[in-house]
$ cat start-v4.cif   # mmCIF, C-alpha atoms
data_run
loop_
_atom_site.label_atom_id
_atom_site.label_comp_id
_atom_site.auth_asym_id
_atom_site.auth_seq_id
_atom_site.Cartn_x
_atom_site.Cartn_y
_atom_site.Cartn_z
CA MET A 1 6.32 40.55 56.27
CA ALA A 2 2.55 40.19 56.45
CA ALA A 3 0.98 37.07 54.97
CA GLU A 4 -0.79 39.16 52.36
CA ASP A 5 2.56 40.48 51.07
CA ARG A 6 4.10 37.06 50.51
CA GLY A 7 3.63 34.83 47.49
CA PRO A 8 2.76 35.55 43.87
CA ALA A 9 0.95 38.69 42.84
CA GLY A 10 -2.69 38.30 41.92
CA VAL A 11 -5.94 40.20 42.27
CA GLY A 12 -5.87 39.72 46.04
CA ARG A 13 -2.62 41.61 46.49
CA ARG A 14 -3.80 44.35 44.14
CA VAL A 15 -7.03 44.68 46.14
CA ARG A 16 -5.05 44.94 49.37
CA ALA A 17 -2.67 47.53 47.91
CA ALA A 18 -5.57 49.62 46.58
CA ARG A 19 -7.48 49.30 49.85
CA LYS A 20 -4.54 50.65 51.84
CA LEU A 21 -4.57 53.81 49.73
CA HIS A 22 -7.99 54.63 51.23
CA PRO A 23 -7.90 56.01 54.79
CA ASN A 24 -9.80 53.93 57.34
CA LEU A 25 -10.70 51.23 54.82
CA GLY A 26 -10.00 47.95 56.55
CA GLN A 27 -11.03 44.51 55.41
CA ARG A 28 -14.29 44.77 57.33
CA GLN A 29 -15.21 48.07 55.71
CA LEU A 30 -14.31 46.81 52.26
CA ALA A 31 -16.37 43.67 52.78
CA ALA A 32 -19.36 45.80 53.75
CA ARG A 33 -19.01 47.88 50.59
CA MET A 34 -18.76 44.74 48.49
CA HIS A 35 -21.60 42.92 50.30
CA VAL A 36 -19.40 39.88 50.95
CA SER A 37 -17.99 38.30 54.10
CA VAL A 38 -14.86 39.57 55.81
CA SER A 39 -13.46 36.05 55.70
CA LEU A 40 -13.74 36.02 51.91
CA VAL A 41 -11.94 39.36 51.55
CA ARG A 42 -9.22 38.11 53.88
CA ALA A 43 -8.84 34.81 52.01
CA VAL A 44 -8.60 36.50 48.62
CA GLU A 45 -6.15 39.14 49.83
CA GLN A 46 -3.94 36.39 51.28
CA GLY A 47 -4.12 34.35 48.09
CA ARG A 48 -5.87 31.41 49.74
CA LYS A 49 -8.89 31.74 47.45
CA PRO A 50 -9.08 32.90 43.85
CA ALA A 51 -10.89 36.14 43.13
CA SER A 52 -13.99 35.18 41.13
CA PRO A 53 -15.23 37.52 38.38
CA ALA A 54 -18.06 38.64 40.67
CA PHE A 55 -15.58 39.37 43.48
CA VAL A 56 -13.34 41.37 41.14
CA ALA A 57 -16.25 43.43 39.84
CA ALA A 58 -17.49 44.17 43.37
CA ALA A 59 -14.00 45.09 44.58
CA ALA A 60 -13.47 47.39 41.60
CA ARG A 61 -16.69 49.27 42.36
CA ALA A 62 -15.85 49.52 46.07
CA LEU A 63 -12.34 50.83 45.37
CA ASN A 64 -13.35 53.21 42.54
CA LEU A 65 -11.33 51.16 40.06
CA THR A 66 -12.15 49.06 37.01
CA VAL A 67 -11.86 45.32 36.59
CA TYR A 68 -9.08 46.04 34.11
CA ASP A 69 -7.09 47.71 36.90
CA LEU A 70 -7.42 44.70 39.19
CA TYR A 71 -6.66 42.19 36.44
CA GLU A 72 -3.83 44.43 35.11
CA GLN A 73 -5.33 44.36 31.64
CA PRO A 74 -4.40 44.94 28.93
CA SER A 75 -1.12 43.31 29.92
CA PRO A 76 2.00 44.64 28.16
CA GLN A 77 3.99 41.51 28.95
CA PHE A 78 3.14 39.62 25.75
CA GLY A 79 4.70 42.21 23.41
CA THR A 80 4.17 41.43 19.76
CA GLU A 81 1.10 39.29 20.45
CA ARG A 82 -0.81 42.52 21.11
CA ASP A 83 0.80 44.69 18.44
CA GLY A 84 -2.41 45.04 16.44
CA ILE A 85 -4.67 46.03 19.32
CA ALA A 86 -3.99 49.79 19.32
CA GLU A 87 -4.78 50.05 15.62
CA LEU A 88 -7.91 47.93 16.05
CA GLU A 89 -9.08 50.11 18.94
CA THR A 90 -8.59 53.20 16.80
CA ALA A 91 -10.65 51.62 14.02
CA VAL A 92 -13.48 50.88 16.44
CA ILE A 93 -13.51 54.48 17.65
CA ALA A 94 -13.53 55.77 14.07
CA GLY A 95 -16.35 53.46 12.95
CA PRO A 96 -18.23 54.92 9.94
CA ALA A 97 -15.50 57.56 9.55
CA LEU A 98 -13.32 54.76 8.15
CA ALA A 99 -15.32 54.87 4.92
CA THR A 100 -13.53 56.47 1.97
CA ASP A 101 -14.49 57.65 -1.50
CA ASP A 102 -12.49 54.85 -3.10
CA PRO A 103 -14.38 52.25 -5.16
CA PRO A 104 -15.59 49.54 -2.76
CA SER A 105 -14.34 45.97 -2.92
CA PRO A 106 -16.81 43.35 -4.18
CA LEU A 107 -18.99 41.97 -1.39
CA ASP A 108 -18.07 38.40 -2.32
CA THR A 109 -14.41 39.23 -1.74
CA LEU A 110 -15.20 40.90 1.58
CA ALA A 111 -17.37 37.96 2.64
CA ARG A 112 -14.44 35.57 2.13
CA ALA A 113 -12.20 37.86 4.19
CA VAL A 114 -14.74 37.99 7.04
CA ALA A 115 -15.03 34.20 6.95
CA THR A 116 -11.26 33.92 7.28
CA VAL A 117 -11.25 36.24 10.30
CA ALA A 118 -14.09 34.30 11.90
CA ASP A 119 -12.13 31.08 11.47
CA LEU A 120 -9.09 32.65 13.14
CA GLN A 121 -11.30 33.76 16.04
CA ARG A 122 -12.70 30.25 16.47
CA LYS A 123 -9.12 29.07 16.84
CA SER A 124 -8.36 31.88 19.32
CA ARG A 125 -5.71 33.31 16.99
CA TYR A 126 -6.30 36.85 18.13
CA ASP A 127 -2.82 38.00 17.10
CA ARG A 128 -3.57 37.21 13.45
CA SER A 129 -7.20 38.35 13.42
CA SER A 130 -6.42 41.68 15.11
CA ALA A 131 -3.77 42.40 12.48
CA VAL A 132 -6.21 42.25 9.56
CA MET A 133 -9.43 43.57 11.07
CA PRO A 134 -8.68 47.33 10.95
CA ASP A 135 -8.28 47.38 7.16
CA LEU A 136 -11.23 45.03 6.73
CA LEU A 137 -13.42 47.29 8.87
CA ALA A 138 -12.47 50.23 6.63
CA ALA A 139 -13.28 48.22 3.52
CA LEU A 140 -16.67 47.14 4.87
CA HIS A 141 -17.62 50.62 6.05
CA THR A 142 -16.73 51.85 2.57
CA ALA A 143 -18.82 49.10 0.98
CA ALA A 144 -21.78 49.85 3.26
CA ALA A 145 -21.57 53.57 2.49
CA HIS A 146 -21.52 52.95 -1.28
CA ALA A 147 -24.01 50.08 -1.41
CA ARG A 148 -27.28 50.52 -3.25
CA ALA A 149 -30.43 50.25 -1.15
CA GLY A 150 -32.00 46.86 -0.72
CA ALA A 151 -30.28 43.48 -0.66
CA GLU A 152 -26.82 44.86 -1.42
CA ALA A 153 -26.89 47.31 1.48
CA GLU A 154 -28.32 44.70 3.82
CA ARG A 155 -25.60 42.21 2.93
CA ALA A 156 -22.87 44.82 3.47
CA HIS A 157 -24.27 45.64 6.91
CA ALA A 158 -24.64 41.95 7.81
CA LEU A 159 -20.96 41.39 6.97
CA LEU A 160 -20.03 44.49 8.95
CA THR A 161 -22.04 43.14 11.88
CA HIS A 162 -20.26 39.79 11.78
CA LEU A 163 -16.87 41.48 11.70
CA TYR A 164 -17.71 43.75 14.63
CA GLN A 165 -18.82 40.65 16.55
CA CYS A 166 -15.36 39.20 15.93
CA VAL A 167 -13.77 42.48 17.01
CA THR A 168 -15.81 42.44 20.23
CA ILE A 169 -14.59 38.97 21.18
CA CYS A 170 -11.00 39.77 20.25
CA LEU A 171 -10.91 42.96 22.33
CA HIS A 172 -12.70 41.26 25.20
CA ARG A 173 -10.24 38.37 25.29
CA LEU A 174 -7.26 40.71 25.16
CA GLY A 175 -8.58 42.93 27.95
CA SER A 176 -9.43 46.05 25.95
CA PRO A 177 -12.03 48.40 27.45
CA LEU A 178 -13.25 49.19 23.92
CA ALA A 179 -14.97 45.80 23.59
CA GLY A 180 -18.20 47.51 24.62
CA GLN A 181 -17.99 50.09 21.85
CA ALA A 182 -17.34 47.32 19.33
CA ALA A 183 -20.47 45.50 20.54
CA GLU A 184 -22.51 48.66 20.08
CA ARG A 185 -21.09 49.06 16.56
CA ALA A 186 -22.24 45.50 15.79
CA ALA A 187 -25.74 46.22 17.06
CA THR A 188 -25.96 49.41 14.98
CA ALA A 189 -24.88 47.61 11.82
CA ALA A 190 -27.28 44.74 12.53
CA GLY A 191 -30.16 47.20 12.56
CA SER A 192 -29.54 47.79 8.83
CA SER A 193 -28.91 44.13 7.94
CA GLY A 194 -32.55 43.28 7.25
CA ASP A 195 -32.22 40.35 9.70
CA PRO A 196 -34.26 40.85 12.89
CA LEU A 197 -32.74 37.76 14.52
CA LEU A 198 -29.22 39.08 13.99
CA ALA A 199 -30.35 42.40 15.47
CA ALA A 200 -31.81 40.57 18.50
CA LEU A 201 -28.60 38.61 19.00
CA CYS A 202 -26.44 41.71 18.86
CA GLU A 203 -28.70 43.54 21.31
CA GLY A 204 -27.99 40.82 23.86
CA GLU A 205 -24.28 40.69 23.02
CA ILE A 206 -23.82 44.29 24.15
CA GLY A 207 -24.08 42.77 27.60
CA LEU A 208 -20.81 40.80 27.31
CA PRO A 209 -18.52 43.72 28.26
CA LEU A 210 -21.06 44.80 30.86
CA MET A 211 -20.94 41.34 32.43
CA HIS A 212 -17.15 41.59 32.61
CA ARG A 213 -17.54 44.86 34.52
CA GLY A 214 -20.08 43.40 36.93
CA ALA A 215 -23.08 45.33 35.58
CA TYR A 216 -25.21 42.20 35.76
CA GLY A 217 -28.58 43.93 35.92
CA ALA A 218 -27.96 45.98 32.77
CA ALA A 219 -26.53 42.98 30.94
CA GLU A 220 -29.56 40.88 31.85
CA ARG A 221 -31.96 43.56 30.62
CA LEU A 222 -30.17 43.53 27.26
CA ALA A 223 -30.37 39.73 27.08
CA ALA A 224 -34.07 39.85 27.97
CA THR A 225 -34.67 42.51 25.31
CA GLY A 226 -32.95 40.32 22.75
CA ARG A 227 -35.17 37.35 23.67
CA SER A 228 -38.31 39.48 23.46
CA LEU A 229 -37.30 40.54 19.95
CA VAL A 230 -36.87 36.89 19.00
CA GLU A 231 -40.35 36.05 20.27
CA ALA A 232 -41.81 38.35 17.61
CA GLU A 233 -40.28 36.17 14.88
CA PRO A 234 -41.46 32.77 13.59
CA THR A 235 -40.16 29.78 15.53
CA GLY A 236 -37.46 27.84 13.71
CA PRO A 237 -33.87 26.64 14.09
CA ALA A 238 -32.42 30.13 13.74
CA SER A 239 -34.75 31.73 16.29
CA LEU A 240 -34.25 28.82 18.71
CA THR A 241 -30.50 29.32 18.39
CA VAL A 242 -30.65 33.01 19.26
CA ARG A 243 -33.13 32.45 22.08
CA GLY A 244 -31.08 29.59 23.56
CA TYR A 245 -27.83 31.51 23.22
CA LEU A 246 -29.28 34.45 25.15
CA HIS A 247 -30.63 32.12 27.83
CA LEU A 248 -27.09 30.83 28.32
CA ARG A 249 -25.86 34.41 28.74
CA SER A 250 -28.54 34.95 31.39
CA ALA A 251 -27.60 31.70 33.14
CA ILE A 252 -24.07 33.00 33.70
CA LEU A 253 -25.31 36.45 34.70
CA SER A 254 -27.65 34.92 37.29
CA ALA A 255 -24.88 32.68 38.60
CA ARG A 256 -22.52 35.62 39.06
CA SER A 257 -25.35 37.38 40.89
CA GLY A 258 -25.62 34.37 43.22
CA ASP A 259 -29.09 33.35 42.00
CA ARG A 260 -28.85 29.57 41.52
CA ALA A 261 -32.57 28.99 40.86
CA THR A 262 -32.77 31.56 38.06
CA SER A 263 -29.50 30.33 36.56
CA ASP A 264 -30.81 26.76 36.50
CA ALA A 265 -34.06 27.94 34.92
CA HIS A 266 -32.19 29.66 32.09
CA LEU A 267 -30.06 26.54 31.57
CA ALA A 268 -33.22 24.45 31.29
CA GLU A 269 -34.71 26.86 28.73
CA ALA A 270 -31.50 26.73 26.71
CA ALA A 271 -31.47 22.93 26.84
CA ASP A 272 -35.04 22.86 25.51
CA CYS A 273 -33.98 25.08 22.59
CA ALA A 274 -30.89 22.99 21.81
CA ARG A 275 -32.68 19.66 22.05
CA VAL A 276 -34.64 20.17 18.82
CA LEU A 277 -31.71 21.42 16.73
CA GLU A 278 -29.99 19.13 14.27
CA PRO A 279 -26.42 18.10 15.25
CA GLY A 280 -23.88 20.44 13.72
CA THR A 281 -26.37 23.28 13.39
CA ASP A 282 -24.66 26.65 13.76
CA PHE A 283 -26.56 29.86 13.12
CA TYR A 284 -24.84 33.24 13.41
CA ASP A 285 -21.54 31.59 14.37
CA THR A 286 -22.82 30.97 17.90
CA ALA A 287 -21.95 27.24 18.02
CA PHE A 288 -25.14 26.85 20.07
CA ASP A 289 -25.93 23.16 20.60
CA PRO A 290 -26.33 20.67 23.50
CA ALA A 291 -22.56 20.65 24.07
CA ASN A 292 -22.61 24.41 24.52
CA VAL A 293 -25.34 24.01 27.13
CA THR A 294 -23.12 21.51 28.98
CA ILE A 295 -20.21 23.94 28.87
CA HIS A 296 -22.34 26.73 30.32
CA SER A 297 -23.89 24.50 32.97
CA VAL A 298 -20.40 23.75 34.28
CA ALA A 299 -19.42 27.42 34.07
CA ALA A 300 -22.54 28.53 35.95
CA ALA A 301 -21.79 26.17 38.83
CA VAL A 302 -18.23 27.49 38.99
CA GLU A 303 -19.49 31.08 39.13
CA LEU A 304 -21.69 30.01 42.04
CA GLY A 305 -18.59 28.67 43.79
CA ASP A 306 -19.86 25.09 43.63
CA GLY A 307 -16.97 23.02 42.36
CA ALA A 308 -18.59 19.67 43.16
CA THR A 309 -21.69 20.42 41.07
CA ALA A 310 -19.56 21.82 38.25
CA LEU A 311 -17.50 18.62 38.05
CA SER A 312 -20.59 16.43 38.27
CA ARG A 313 -22.17 18.27 35.32
CA ASN A 314 -19.19 17.61 33.07
CA THR A 315 -19.76 15.14 30.24
CA PRO A 316 -17.50 14.36 27.25
CA LEU A 317 -17.81 16.94 24.49
CA PRO A 318 -18.27 15.80 20.89
CA PRO A 319 -15.26 16.09 18.54
CA SER A 320 -17.07 18.79 16.58
CA THR A 321 -16.95 21.22 19.52
CA LEU A 322 -14.81 24.25 18.70
CA ALA A 323 -11.33 24.18 20.20
CA SER A 324 -11.88 27.62 21.74
CA ARG A 325 -15.03 26.37 23.50
CA LYS A 326 -13.19 23.28 24.72
CA GLY A 327 -10.32 25.43 25.95
CA HIS A 328 -12.64 27.70 27.92
CA HIS A 329 -14.36 24.61 29.29
CA HIS A 330 -11.11 23.19 30.62
CA VAL A 331 -10.33 26.52 32.27
CA ASP A 332 -13.66 26.24 34.09
CA LEU A 333 -12.93 22.63 35.02
CA ALA A 334 -9.60 23.76 36.50
CA ARG A 335 -11.43 26.39 38.54
CA ALA A 336 -13.96 23.76 39.64
CA ALA A 337 -11.20 21.35 40.66
CA LEU A 338 -9.54 24.06 42.73
CA LEU A 339 -12.84 24.89 44.44
CA HIS A 340 -13.42 21.20 45.17
CA GLY A 341 -9.94 20.61 46.53
CA ARG A 342 -8.72 18.42 43.67
CA ARG A 343 -5.41 20.20 43.31
CA ASP A 344 -3.80 17.49 41.17
CA GLN A 345 -6.53 17.93 38.57
CA VAL A 346 -6.14 21.71 38.32
CA LEU A 347 -2.88 21.80 36.39
CA ALA A 348 -3.96 18.93 34.13
CA GLU A 349 -7.06 20.90 33.09
CA LEU A 350 -5.03 24.07 32.54
CA ASN A 351 -2.62 22.19 30.30
CA ASN A 352 -5.58 20.77 28.37
CA ALA A 353 -6.82 24.33 27.85
CA ARG A 354 -3.36 25.43 26.76
CA ALA A 355 -3.13 22.66 24.17
CA LEU A 356 -6.56 23.48 22.75
CA ALA A 357 -6.58 27.29 22.83
CA PRO A 358 -3.20 28.70 23.82
CA GLN A 359 -3.93 32.40 23.36
CA LEU A 360 -7.28 32.22 25.14
CA THR A 361 -5.64 30.37 28.04
CA ARG A 362 -2.68 32.71 28.26
CA TYR A 363 -4.80 35.83 28.49
CA HIS A 364 -7.67 34.48 30.61
CA PRO A 365 -7.66 36.35 33.95
CA GLN A 366 -9.13 33.36 35.80
CA VAL A 367 -6.22 31.22 34.63
CA HIS A 368 -3.92 33.65 36.39
CA GLU A 369 -6.05 33.62 39.53
CA THR A 370 -6.17 29.83 39.54
CA VAL A 371 -2.39 29.47 39.17
CA VAL A 372 -1.68 32.10 41.83
CA THR A 373 -4.00 30.39 44.31
CA LEU A 374 -2.61 26.95 43.51
CA ALA A 375 0.92 28.26 44.06
CA HIS A 376 -0.10 29.74 47.41
CA GLN A 377 -1.59 26.43 48.52
CA ASP A 378 1.34 24.35 47.28
CA ARG A 379 4.43 25.68 48.99
CA ARG A 380 6.64 23.19 47.15
CA ARG A 381 5.50 24.48 43.74
CA SER A 382 6.21 21.68 41.34
CA ASP A 383 8.35 22.21 38.28
CA SER A 384 5.29 21.65 36.10
CA LEU A 385 3.40 24.47 37.81
CA ALA A 386 6.40 26.77 37.49
CA THR A 387 6.72 25.89 33.81
CA PHE A 388 3.07 26.68 33.14
CA ALA A 389 3.33 29.94 35.09
CA ARG A 390 6.35 31.07 33.06
CA TRP A 391 4.51 30.31 29.82
CA ALA A 392 1.48 32.31 30.99
CA GLY A 393 3.59 35.24 32.18
CA ILE A 394 2.67 34.69 35.84
CA GLN A 395 5.29 35.60 38.41
CA LEU A 396 5.38 33.09 41.27
#
$ encode --input "start-v4.cif" --output "structure tokens"
Amino acid sequence: MAAEDRGPAGVGRRVRAARKLHPNLGQRQLAARMHVSVSLVRAVEQGRKPASPAFVAAAARALNLTVYDLYEQPSPQFGTERDGIAELETAVIAGPALATDDPPSPLDTLARAVATVADLQRKSRYDRSSAVMPDLLAALHTAAAHARAGAEAERAHALLTHLYQCVTICLHRLGSPLAGQAAERAATAAGSSGDPLLAALCEGEIGLPLMHRGAYGAAERLAATGRSLVEAEPTGPASLTVRGYLHLRSAILSARSGDRATSDAHLAEAADCARVLEPGTDFYDTAFDPANVTIHSVAAAVELGDGATALSRNTPLPPSTLASRKGHHHVDLARAALLHGRRDQVLAELNNARALAPQLTRYHPQVHETVVTLAHQDRRRSDSLATFARWAGIQL
């Protein structure tokens, strides 16, 4: 049996299987299409290196697939945890058609419901949030359709925007290809919210699903458009939040494109924006603050394949940092430790992520890649690694 066919299944084995369906497409030819080295393709196919998001996106394009194909998303293996996704996807497709002629619910009642969903999302409880969002979307579309012009209509659309932002994150985390349509729905609703900063933020957030697909240029243009819209507004804590948040998005986009200098420049701009904000400030549910800049600075180094720099940039996060942000941060620290050869630290960081944000960790495709690579490198496969893999649904 070839080396590539042994060991746990990950993106590398899926790339190899897909490549062999194409006549005369060897590793060298695939590497040329992807604009990467042959040694990297070989290492990923053999499971010796994890497939980074940039690698997965490039491989998907070269093989006429999607990143969802290579990540095997959405995964059916978690059963009831994804029961609400199909209905939520249908609601996103329907959009304004969800509105009915029934009397709308009071906006105060709907605002409390949106706040509850947002809190579930912060805790990465996507199973619970996805179960209630379809009906809430229908109620908000109905309220927006019936609202009188002026402040009432603007508030209805602002609430609808916030909910579609939650939907976007939920679908993105659970591997749904409709995350992009949800982001566009949010941007459309924001245009009627009477809040130009919210509209600017949502313009940039359309780029999140595009980033996942490897369309870094398009995603960066959206982030840049969002920042240009912010520049037309008075400078203040809210505008600094949106501007800094979009700089962080661009920092990751530049890192995935392999542009370290531009990534560092965006991180510096974001740090300047965060530095003048009061501790605990949180506009538009972005959680943008100095801790968020630290989290992204580590993530950017990981995307550049620089584990040593990523680990050196890590500093303790304040207790107020959202558990979901901390969980994502520990996933990145696990990836950094693997890149830097600190194999003992990898599983510890993954277990930290699991304790903080179990659903996020369980569904994160880079968690799967990290575990698969660690298992390939550690032929003895400790009981603790096997236990984590079983919990995450990873076959070793």
$ closest_residue --input "start-v4.cif" --among "A:Asp344, A:Glu152, A:Asp69, A:Asp285" --to "Ala17 in chain A" --atoms "all atoms listed in the file"
A:Asp69
$ closest_residue --input "start-v4.cif" --among "A:Thr116, A:Pro177, A:Asp108, A:Gly194" --to "Ala149 in chain A" --atoms "only C-alpha atoms"
A:Gly194
$ resolve_selection --input "start-v4.cif" --expression "the PyMOL selection byres ((chain A and resi 208-223) around 6)" --output "MDAnalysis selection string"
chainID A and resid 57 180 204:207 224:226 246 253
$ resolve_selection --input "start-v4.cif" --expression "the PyMOL selection byres ((chain A and resi 282) around 12)" --output "MDAnalysis selection string"
chainID A and resid 237:242 245 274 277:281 283:290 292 320:322
$ resolve_selection --input "start-v4.cif" --expression "the PyMOL selection byres ((chain A and resi 94) around 12)" --output "number ranges by chain"
A: 87-93, 95-99, 134, 137-138, 141, 178, 181-182, 185
$ write_last_selection --input "start-v4.cif" --atoms "C-alpha atoms" --output "JSON list (two decimals), keeping the file's coordinate frame"
[["chain", "number", "residue", "atom", "x", "y", "z"],
["A", 87, "GLU", "CA", -4.78, 50.05, 15.62],
["A", 88, "LEU", "CA", -7.91, 47.93, 16.05],
["A", 89, "GLU", "CA", -9.08, 50.11, 18.94],
["A", 90, "THR", "CA", -8.59, 53.20, 16.80],
["A", 91, "ALA", "CA", -10.65, 51.62, 14.02],
["A", 92, "VAL", "CA", -13.48, 50.88, 16.44],
["A", 93, "ILE", "CA", -13.51, 54.48, 17.65],
["A", 95, "GLY", "CA", -16.35, 53.46, 12.95],
["A", 96, "PRO", "CA", -18.23, 54.92, 9.94],
["A", 97, "ALA", "CA", -15.50, 57.56, 9.55],
["A", 98, "LEU", "CA", -13.32, 54.76, 8.15],
["A", 99, "ALA", "CA", -15.32, 54.87, 4.92],
["A", 134, "PRO", "CA", -8.68, 47.33, 10.95],
["A", 137, "LEU", "CA", -13.42, 47.29, 8.87],
["A", 138, "ALA", "CA", -12.47, 50.23, 6.63],
["A", 141, "HIS", "CA", -17.62, 50.62, 6.05],
["A", 178, "LEU", "CA", -13.25, 49.19, 23.92],
["A", 181, "GLN", "CA", -17.99, 50.09, 21.85],
["A", 182, "ALA", "CA", -17.34, 47.32, 19.33],
["A", 185, "ARG", "CA", -21.09, 49.06, 16.56]]
$ closest_atom_pairs --input "start-v4.cif" --of "range 224-291 of chain A" --to "range 300-309 of chain A" --cutoff "9 Å" --atoms "all atoms listed in the file" --output "tab-separated table"
residue	atom	partner	partner_atom	distance
A:Ala251	CA	A:Ala300	CA	6.6
A:Ile252	CA	A:Ala300	CA	5.2
A:Leu253	CA	A:Ala300	CA	8.5
A:Ser254	CA	A:Ala300	CA	8.3
A:Ala255	CA	A:Leu304	CA	5.4
A:Arg256	CA	A:Glu303	CA	5.5
A:Ser257	CA	A:Leu304	CA	8.3
A:Gly258	CA	A:Leu304	CA	6.0
A:Asp259	CA	A:Leu304	CA	8.1
A:Arg260	CA	A:Leu304	CA	7.2
A:Ser263	CA	A:Ala300	CA	7.2
A:Asp264	CA	A:Ala300	CA	8.5
A:Leu267	CA	A:Ala300	CA	8.9
$ residues_around --input "start-v4.cif" --residues "Ala118 in chain A" --least-positions-apart "4" --cutoff "10 Å" --atoms "all atoms listed in the file" --output "CSV table (one decimal) with C-alpha atoms, in the coordinates of the input"
chain,number,residue,atom,x,y,z
A,112,ARG,CA,-14.4,35.6,2.1
A,113,ALA,CA,-12.2,37.9,4.2
A,114,VAL,CA,-14.7,38.0,7.0
A,122,ARG,CA,-12.7,30.2,16.5
A,123,LYS,CA,-9.1,29.1,16.8
A,124,SER,CA,-8.4,31.9,19.3
A,125,ARG,CA,-5.7,33.3,17.0
A,129,SER,CA,-7.2,38.4,13.4
A,162,HIS,CA,-20.3,39.8,11.8
A,163,LEU,CA,-16.9,41.5,11.7
A,165,GLN,CA,-18.8,40.6,16.6
A,166,CYS,CA,-15.4,39.2,15.9
A,167,VAL,CA,-13.8,42.5,17.0
A,285,ASP,CA,-21.5,31.6,14.4
